[in-house]
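Undergrad: Pasting a structure below so you can have a look.
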Amino acid sequence: MNTLSASRAEAPAAAAERGGRVLVWDAPVRVFHWLMVLGFAGAFLTAESERWRLLHVTLGYTVAGLVVFRLLWGLVGTRHARFADFVRGPVAAWRYLGSLLRGRPEPHAGHNPAGALAIVALLALAALVTATGLANYHELAGDWAEELHEGAAMLMLALVGVHLAGVLIGSLAHRENLVRAMFTGLRRGRPQDAIASARVPVAVALLTAVLALWAWQWQTAPQAGALDAGPAAVERHGHDGGQDDD
Ligand code: HEM
Ligand code: HEM
């Protein structure tokens, strides 16, 4: 590389150090992420009671659909959304963690290799939780599916804790608010790290599909028998707080 091209390459890096932000997370990744948070948290909170079963199942289906979407988007999405861009082996994750411990964290425009491992594990567990939930709900499997469903959900909760700790540590180490980046799509980076388009129409289509699923589930609720305890149950729900029916 000659001096001119070297200085050209350094200029954007210097700009980045001055706080230049570039678009790294496209809109589908961001919408996917926050729907995933809503779906997982909602499914977890509604897991125990029969009364909330339809909501639980609906949010569970949402998570299942989101996983399928993310797998596809990981193949055809924008640069930093692609698995080929950020999924590295354990060696790279180890090296990254070492760089964190030494106080000189390796820069990564997209996900870091350690975070990537957690992300892949979260997606795999979400697939397992929803598949076993489905098998349970449609009585396609025995008691083992029920046990596995609950166990995998607990494991996923633990991994979400690890994920959150990783996000916090990453934010402190890189002195960058990574949570805000998951909302805005913008991260500190070089111009050449930027993606060209936020792909908003894909995000709108994803959100529309999720809202359509919810509307459809809502409409078919009485036939599904999920509210078969009837209005009396709704009435009771407001008063008793006890008499759990799970
Ligand atoms: C990320 C999504 C999900 C999470 C976090 C989750 C979590 C849980 C947990 C923790 C339980 C155990 C509740 C208890 O008895 O203490 C449970 C039960 C159950 N879940 Fe899910 N679930 C999810 C998705 C699904 C899906 C997609 C379905 C079906 C389509 C489903 C159907 C059920 C059913 C039928 C039970 C009751 C099993 C029984 O008879 O005890 N879940 N879920
Ligand atoms: C509740 C369950 C959660 C699940 C299942 C989950 C899952 C994921 C997944 C799959 C990704 C990869 C995004 C992609 O490339 O598509 C991700 C990234 C991320 N998540 Fe979560 N997440 C959860 C909760 C949260 C919460 C509550 C926060 C913030 C307070 C958060 C902050 C982030 C951030 C900042 C990233 C990007 C990390 C980076 O810069 O590499 N997540 N999460």
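Residues are named by chain letter and number: chains run A, B, ... in the order of the structure tokens, numbers start at 1 in each chain, and ligands are numbered from 1 in the order shown.
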Collect all residues with atoms no farther than 9 Å from ligand 2, counting only C-alpha atoms and all ligand atoms, and output them as a VMD selection string.
TA: chain A and resid 25 28 to 34 36 to 41 63 67 70 73 to 74 80 to 83 86 108 to 116 118 to 123 126 156 to 157 159 to 161 163 to 164 166 to 168 170 to 171 177 to 183 187
Undergrad: Please write the residues from the selection above to a file, keeping C-alpha atoms, as a compact mmCIF listing (two decimals), in the first residue's frame.
TA:
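After the write, result31.txt holds the following:
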# COMPACT_ATOMS: atom_id res chain seq x y z
CA TRP A 25 -27.83 -2.38 12.02
CA PRO A 28 -35.14 -5.54 10.07
CA VAL A 29 -32.43 -6.52 12.60
CA ARG A 30 -33.62 -3.84 15.01
CA VAL A 31 -37.32 -4.67 14.65
CA PHE A 32 -36.48 -8.38 14.94
CA HIS A 33 -34.49 -7.74 18.12
CA TRP A 34 -37.07 -5.73 20.00
CA MET A 36 -37.80 -10.94 20.19
CA VAL A 37 -37.38 -9.21 23.56
CA LEU A 38 -41.14 -8.59 23.75
CA GLY A 39 -41.98 -12.14 22.62
CA PHE A 40 -39.57 -13.86 24.97
CA ALA A 41 -40.40 -11.73 28.01
CA VAL A 63 -40.63 -15.96 18.62
CA VAL A 67 -36.16 -17.12 14.47
CA ARG A 70 -33.53 -14.15 11.32
CA TRP A 73 -31.94 -12.62 7.01
CA GLY A 74 -28.62 -13.99 8.21
CA HIS A 80 -23.44 -6.94 9.51
CA ALA A 81 -26.66 -8.95 9.71
CA ARG A 82 -25.12 -11.87 7.80
CA PHE A 83 -23.86 -14.82 9.80
CA PHE A 86 -19.99 -12.11 12.45
CA HIS A 108 -15.63 -4.81 15.53
CA ALA A 109 -18.06 -2.82 13.43
CA GLY A 110 -20.78 -5.46 13.91
CA HIS A 111 -21.13 -8.10 16.62
CA ASN A 112 -17.95 -9.12 18.41
CA PRO A 113 -17.02 -12.84 18.20
CA ALA A 114 -17.94 -13.57 21.85
CA GLY A 115 -21.33 -11.84 21.52
CA ALA A 116 -21.84 -13.77 18.29
CA ALA A 118 -24.26 -15.97 22.59
CA ILE A 119 -26.44 -14.81 19.70
CA VAL A 120 -26.20 -18.15 17.90
CA ALA A 121 -26.95 -20.00 21.16
CA LEU A 122 -29.95 -17.72 21.83
CA LEU A 123 -31.36 -18.41 18.37
CA ALA A 126 -35.36 -20.12 20.96
CA MET A 156 -32.55 -19.39 27.59
CA LEU A 157 -33.37 -17.04 30.46
CA LEU A 159 -28.33 -16.98 28.53
CA VAL A 160 -30.30 -13.75 28.21
CA GLY A 161 -28.66 -12.78 31.52
CA HIS A 163 -26.19 -11.60 26.90
CA LEU A 164 -27.19 -8.56 28.96
CA GLY A 166 -22.04 -8.94 27.69
CA VAL A 167 -23.86 -5.90 26.31
CA LEU A 168 -23.10 -3.95 29.49
CA GLY A 170 -19.08 -4.30 25.80
CA SER A 171 -20.66 -0.87 26.20
CA ASN A 177 -23.94 2.80 24.18
CA LEU A 178 -24.67 -0.49 22.39
CA VAL A 179 -28.32 -0.53 23.50
CA ARG A 180 -28.94 2.83 21.84
CA ALA A 181 -27.25 1.44 18.72
CA MET A 182 -29.81 -1.40 18.65
CA PHE A 183 -32.51 1.32 18.44
CA ARG A 187 -22.43 2.82 15.77
Undergrad: Could you pull the residues within 9 Å of A:Arg104, counting only C-alpha atoms, minus those fewer than 6 positions along the same chain, as a PyMOL selection string?
TA: chain A and resi 98+173-174
Undergrad: Please produce a file of the residues just selected, as a compact mmCIF listing (two decimals), in the first residue's frame, where the atoms kept are N, CA and C atoms.
TA:
# COMPACT_ATOMS: atom_id res chain seq x y z
N GLY A 98 -9.81 -12.04 25.63
CA GLY A 98 -8.46 -11.71 26.10
C GLY A 98 -8.18 -10.23 25.89
N ALA A 173 -16.53 -1.24 27.89
CA ALA A 173 -15.18 -1.42 27.34
C ALA A 173 -14.95 -0.57 26.09
N HIS A 174 -15.99 -0.49 25.25
CA HIS A 174 -15.83 0.29 24.01
C HIS A 174 -16.27 1.74 24.18
Undergrad: How far is it from atom CA of A:Arg102 to atom CA of A:Ala165, in Å with one decimal?
TA: 18.2 Å
Undergrad: A:Gln192, A:Thr78, A:Gln219, A:Thr130: which is nearest ligand 1, counting only C-alpha atoms and all ligand atoms?
TA: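 Ranked by minimum distance to ligand 1, first place goes to A:Thr130.
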Undergrad: So which residues are near ligand 1, meaning at most 9 Å away with only C-alpha atoms and all ligand atoms counted, given back as a ChimeraX atom specification?
TA: /A:36,39-50,53-54,56-64,125-139,143,145-147,149-154,156-157,246
Undergrad: Write the residues of the preceding selection, restricted to N, CA and C atoms, as a short mmCIF file (atom, residue, chain, number, x, y, z; two decimals), in the first residue's frame.
TA:
data_model
loop_
_atom_site.label_atom_id
_atom_site.label_comp_id
_atom_site.auth_asym_id
_atom_site.auth_seq_id
_atom_site.Cartn_x
_atom_site.Cartn_y
_atom_site.Cartn_z
N MET A 36 -38.29 -9.73 19.51
CA MET A 36 -37.80 -10.94 20.19
C MET A 36 -37.82 -10.71 21.71
N GLY A 39 -41.43 -10.77 22.72
CA GLY A 39 -41.98 -12.14 22.62
C GLY A 39 -41.46 -13.03 23.72
N PHE A 40 -40.15 -12.99 23.95
CA PHE A 40 -39.57 -13.86 24.97
C PHE A 40 -40.07 -13.47 26.36
N ALA A 41 -39.99 -12.18 26.66
CA ALA A 41 -40.40 -11.73 28.01
C ALA A 41 -41.88 -12.03 28.23
N GLY A 42 -42.69 -11.74 27.22
CA GLY A 42 -44.14 -11.98 27.34
C GLY A 42 -44.45 -13.46 27.50
N ALA A 43 -43.80 -14.30 26.70
CA ALA A 43 -44.05 -15.75 26.78
C ALA A 43 -43.64 -16.25 28.16
N PHE A 44 -42.54 -15.72 28.65
CA PHE A 44 -42.06 -16.17 29.96
C PHE A 44 -43.05 -15.80 31.07
N LEU A 45 -43.51 -14.56 31.00
CA LEU A 45 -44.38 -14.07 32.08
C LEU A 45 -45.77 -14.72 32.05
N THR A 46 -46.16 -15.25 30.88
CA THR A 46 -47.49 -15.85 30.78
C THR A 46 -47.43 -17.38 30.82
N ALA A 47 -46.25 -17.93 31.15
CA ALA A 47 -46.06 -19.38 31.01
C ALA A 47 -46.85 -20.20 32.02
N GLU A 48 -47.02 -19.67 33.22
CA GLU A 48 -47.48 -20.55 34.30
C GLU A 48 -48.97 -20.84 34.32
N SER A 49 -49.78 -19.89 33.85
CA SER A 49 -51.21 -20.04 34.06
C SER A 49 -51.97 -20.43 32.78
N GLU A 50 -52.93 -21.34 32.92
CA GLU A 50 -53.81 -21.74 31.81
C GLU A 50 -54.54 -20.52 31.25
N ARG A 53 -52.80 -18.92 28.50
CA ARG A 53 -52.18 -19.86 27.56
C ARG A 53 -52.18 -19.36 26.10
N LEU A 54 -53.32 -18.76 25.68
CA LEU A 54 -53.37 -18.32 24.28
C LEU A 54 -52.35 -17.22 24.02
N HIS A 56 -49.60 -16.82 25.69
CA HIS A 56 -48.30 -17.50 25.76
C HIS A 56 -47.97 -18.14 24.41
N VAL A 57 -48.94 -18.86 23.89
CA VAL A 57 -48.73 -19.57 22.63
C VAL A 57 -48.52 -18.57 21.48
N THR A 58 -49.31 -17.49 21.49
CA THR A 58 -49.18 -16.48 20.42
C THR A 58 -47.80 -15.84 20.45
N LEU A 59 -47.34 -15.48 21.64
CA LEU A 59 -46.01 -14.87 21.74
C LEU A 59 -44.94 -15.90 21.40
N GLY A 60 -45.20 -17.15 21.76
CA GLY A 60 -44.26 -18.22 21.40
C GLY A 60 -44.18 -18.41 19.89
N TYR A 61 -45.34 -18.41 19.20
CA TYR A 61 -45.33 -18.49 17.73
C TYR A 61 -44.57 -17.31 17.15
N THR A 62 -44.73 -16.16 17.79
CA THR A 62 -44.04 -14.95 17.30
C THR A 62 -42.53 -15.17 17.35
N VAL A 63 -42.07 -15.70 18.48
CA VAL A 63 -40.63 -15.96 18.62
C VAL A 63 -40.19 -16.98 17.55
N ALA A 64 -41.01 -18.02 17.33
CA ALA A 64 -40.65 -19.04 16.33
C ALA A 64 -40.51 -18.39 14.94
N LEU A 125 -31.58 -21.90 21.05
CA LEU A 125 -32.45 -22.22 22.18
C LEU A 125 -33.88 -21.77 21.92
N ALA A 126 -34.01 -20.61 21.28
CA ALA A 126 -35.36 -20.12 20.96
C ALA A 126 -36.06 -21.12 20.04
N ALA A 127 -35.30 -21.70 19.10
CA ALA A 127 -35.88 -22.70 18.20
C ALA A 127 -36.31 -23.94 18.99
N LEU A 128 -35.46 -24.37 19.94
CA LEU A 128 -35.78 -25.56 20.74
C LEU A 128 -37.00 -25.30 21.64
N VAL A 129 -37.02 -24.14 22.29
CA VAL A 129 -38.13 -23.82 23.19
C VAL A 129 -39.45 -23.80 22.42
N THR A 130 -39.44 -23.17 21.26
CA THR A 130 -40.70 -23.05 20.53
C THR A 130 -41.12 -24.39 19.89
N ALA A 131 -40.14 -25.17 19.43
CA ALA A 131 -40.48 -26.47 18.83
C ALA A 131 -41.08 -27.40 19.89
N THR A 132 -40.50 -27.41 21.10
CA THR A 132 -41.03 -28.29 22.15
C THR A 132 -42.37 -27.76 22.67
N GLY A 133 -42.52 -26.41 22.66
CA GLY A 133 -43.80 -25.81 23.06
C GLY A 133 -44.90 -26.25 22.11
N LEU A 134 -44.58 -26.21 20.82
CA LEU A 134 -45.54 -26.62 19.79
C LEU A 134 -45.91 -28.09 19.94
N ALA A 135 -44.88 -28.91 20.16
CA ALA A 135 -45.11 -30.36 20.31
C ALA A 135 -46.03 -30.62 21.51
N ASN A 136 -45.81 -29.85 22.57
CA ASN A 136 -46.64 -29.94 23.77
C ASN A 136 -48.09 -29.56 23.49
N TYR A 137 -48.21 -28.39 22.92
CA TYR A 137 -49.53 -27.78 22.73
C TYR A 137 -50.40 -28.64 21.82
N HIS A 138 -49.78 -29.20 20.79
CA HIS A 138 -50.54 -30.02 19.84
C HIS A 138 -50.47 -31.50 20.18
N GLU A 139 -50.01 -31.78 21.38
CA GLU A 139 -49.92 -33.15 21.90
C GLU A 139 -49.26 -34.11 20.93
N ASP A 143 -44.43 -36.54 27.84
CA ASP A 143 -44.07 -35.64 28.94
C ASP A 143 -42.68 -35.03 28.77
N ALA A 145 -41.34 -33.73 26.33
CA ALA A 145 -41.33 -32.46 25.60
C ALA A 145 -41.67 -31.31 26.55
N GLU A 146 -42.58 -31.60 27.50
CA GLU A 146 -42.97 -30.60 28.49
C GLU A 146 -41.76 -30.21 29.35
N GLU A 147 -41.05 -31.27 29.80
CA GLU A 147 -39.86 -31.04 30.63
C GLU A 147 -38.81 -30.26 29.85
N HIS A 149 -39.24 -28.38 27.27
CA HIS A 149 -39.72 -27.03 26.98
C HIS A 149 -39.37 -26.10 28.14
N GLU A 150 -39.71 -26.53 29.33
CA GLU A 150 -39.47 -25.69 30.51
C GLU A 150 -37.97 -25.53 30.76
N GLY A 151 -37.24 -26.66 30.65
CA GLY A 151 -35.79 -26.61 30.90
C GLY A 151 -35.09 -25.69 29.91
N ALA A 152 -35.45 -25.81 28.62
CA ALA A 152 -34.80 -24.98 27.60
C ALA A 152 -35.15 -23.50 27.81
N ALA A 153 -36.40 -23.24 28.26
CA ALA A 153 -36.80 -21.85 28.51
C ALA A 153 -35.97 -21.26 29.65
N MET A 154 -35.71 -22.08 30.68
CA MET A 154 -34.90 -21.60 31.82
C MET A 154 -33.45 -21.34 31.38
N MET A 156 -32.54 -20.59 28.43
CA MET A 156 -32.55 -19.39 27.59
C MET A 156 -32.56 -18.13 28.47
N LEU A 157 -33.33 -18.19 29.55
CA LEU A 157 -33.37 -17.04 30.46
C LEU A 157 -31.98 -16.76 31.01
N ASP A 246 -52.98 -23.64 36.69
CA ASP A 246 -52.02 -24.20 35.75
C ASP A 246 -51.84 -25.71 35.90
#
Undergrad: Considering only C-alpha atoms, return as a VMD selection string whatever protein or nucleic-acid residues lie within 6 Å of A:Ala27, sequence-local ones (same chain, fewer than 4 positions apart) excluded.
TA: chain A and resid 198 200 203
Undergrad: I'd like to know which residues of stretch 14-226 of chain A are helix (DSSP H, G or I) (by DSSP, run on the backbone); could you write them as a PyMOL selection string?
TA: chain A and resi 14-17+27-45+50-76+79-81+83-86+90-101+113-137+143-174+178-184+191-193+200-219+221-224
Undergrad: May I ask which of the residues A:Trp144, A:Leu117, A:Trp214, A:Val24 is the closest one to A:Pro90, counting only C-alpha atoms?
TA: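 Using only C-alpha atoms, the shortest distance to A:Pro90 belongs to A:Leu117.
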Undergrad: Could you pull out the residues in stretch 18-238 of chain A that DSSP calls strand (DSSP E) from the backbone, as a VMD selection string?
TA: chain A and resid 21 to 23 186 to 188
Undergrad: Quick one: write out the picked residues with N, CA and C atoms as a compact mmCIF listing (two decimals), in the first residue's frame?
TA:
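Result written to again.txt:
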# COMPACT_ATOMS: atom_id res chain seq x y z
N ARG A 21 -20.46 8.44 13.44
CA ARG A 21 -21.31 7.24 13.54
C ARG A 21 -21.78 6.83 12.16
N VAL A 22 -21.86 5.52 11.98
CA VAL A 22 -22.31 5.01 10.69
C VAL A 22 -23.42 3.99 10.93
N LEU A 23 -24.23 3.77 9.91
CA LEU A 23 -25.34 2.82 10.03
C LEU A 23 -24.81 1.39 9.92
N LEU A 186 -27.07 3.06 14.57
CA LEU A 186 -25.80 3.77 14.36
C LEU A 186 -24.75 3.36 15.39
N ARG A 187 -23.55 3.10 14.87
CA ARG A 187 -22.43 2.82 15.77
C ARG A 187 -21.23 3.61 15.31
N ARG A 188 -20.31 3.80 16.26
CA ARG A 188 -19.08 4.46 15.88
C ARG A 188 -18.36 3.55 14.89
Undergrad: Please measure the separation of atom CA of A:Glu106 and atom CA of A:Gly185, giving the value in Å to one decimal.
TA: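 Between atom CA of A:Glu106 and atom CA of A:Gly185 the gap works out to 20.2 Å.
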Undergrad: Give me the residues near A:Ser197 as an MDAnalysis selection string, where near means some atom within 8 Å (using only C-alpha atoms) and where sequence neighbours in that chain fewer than 2 positions away do not count.
TA: chainID A and resid 26 195 199
Undergrad: Could you tell me how far atom CA of A:Leu72 sits from atom CA of A:Ala209, in Å to one decimal place?
TA: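 These two atoms are separated by 15.3 Å.
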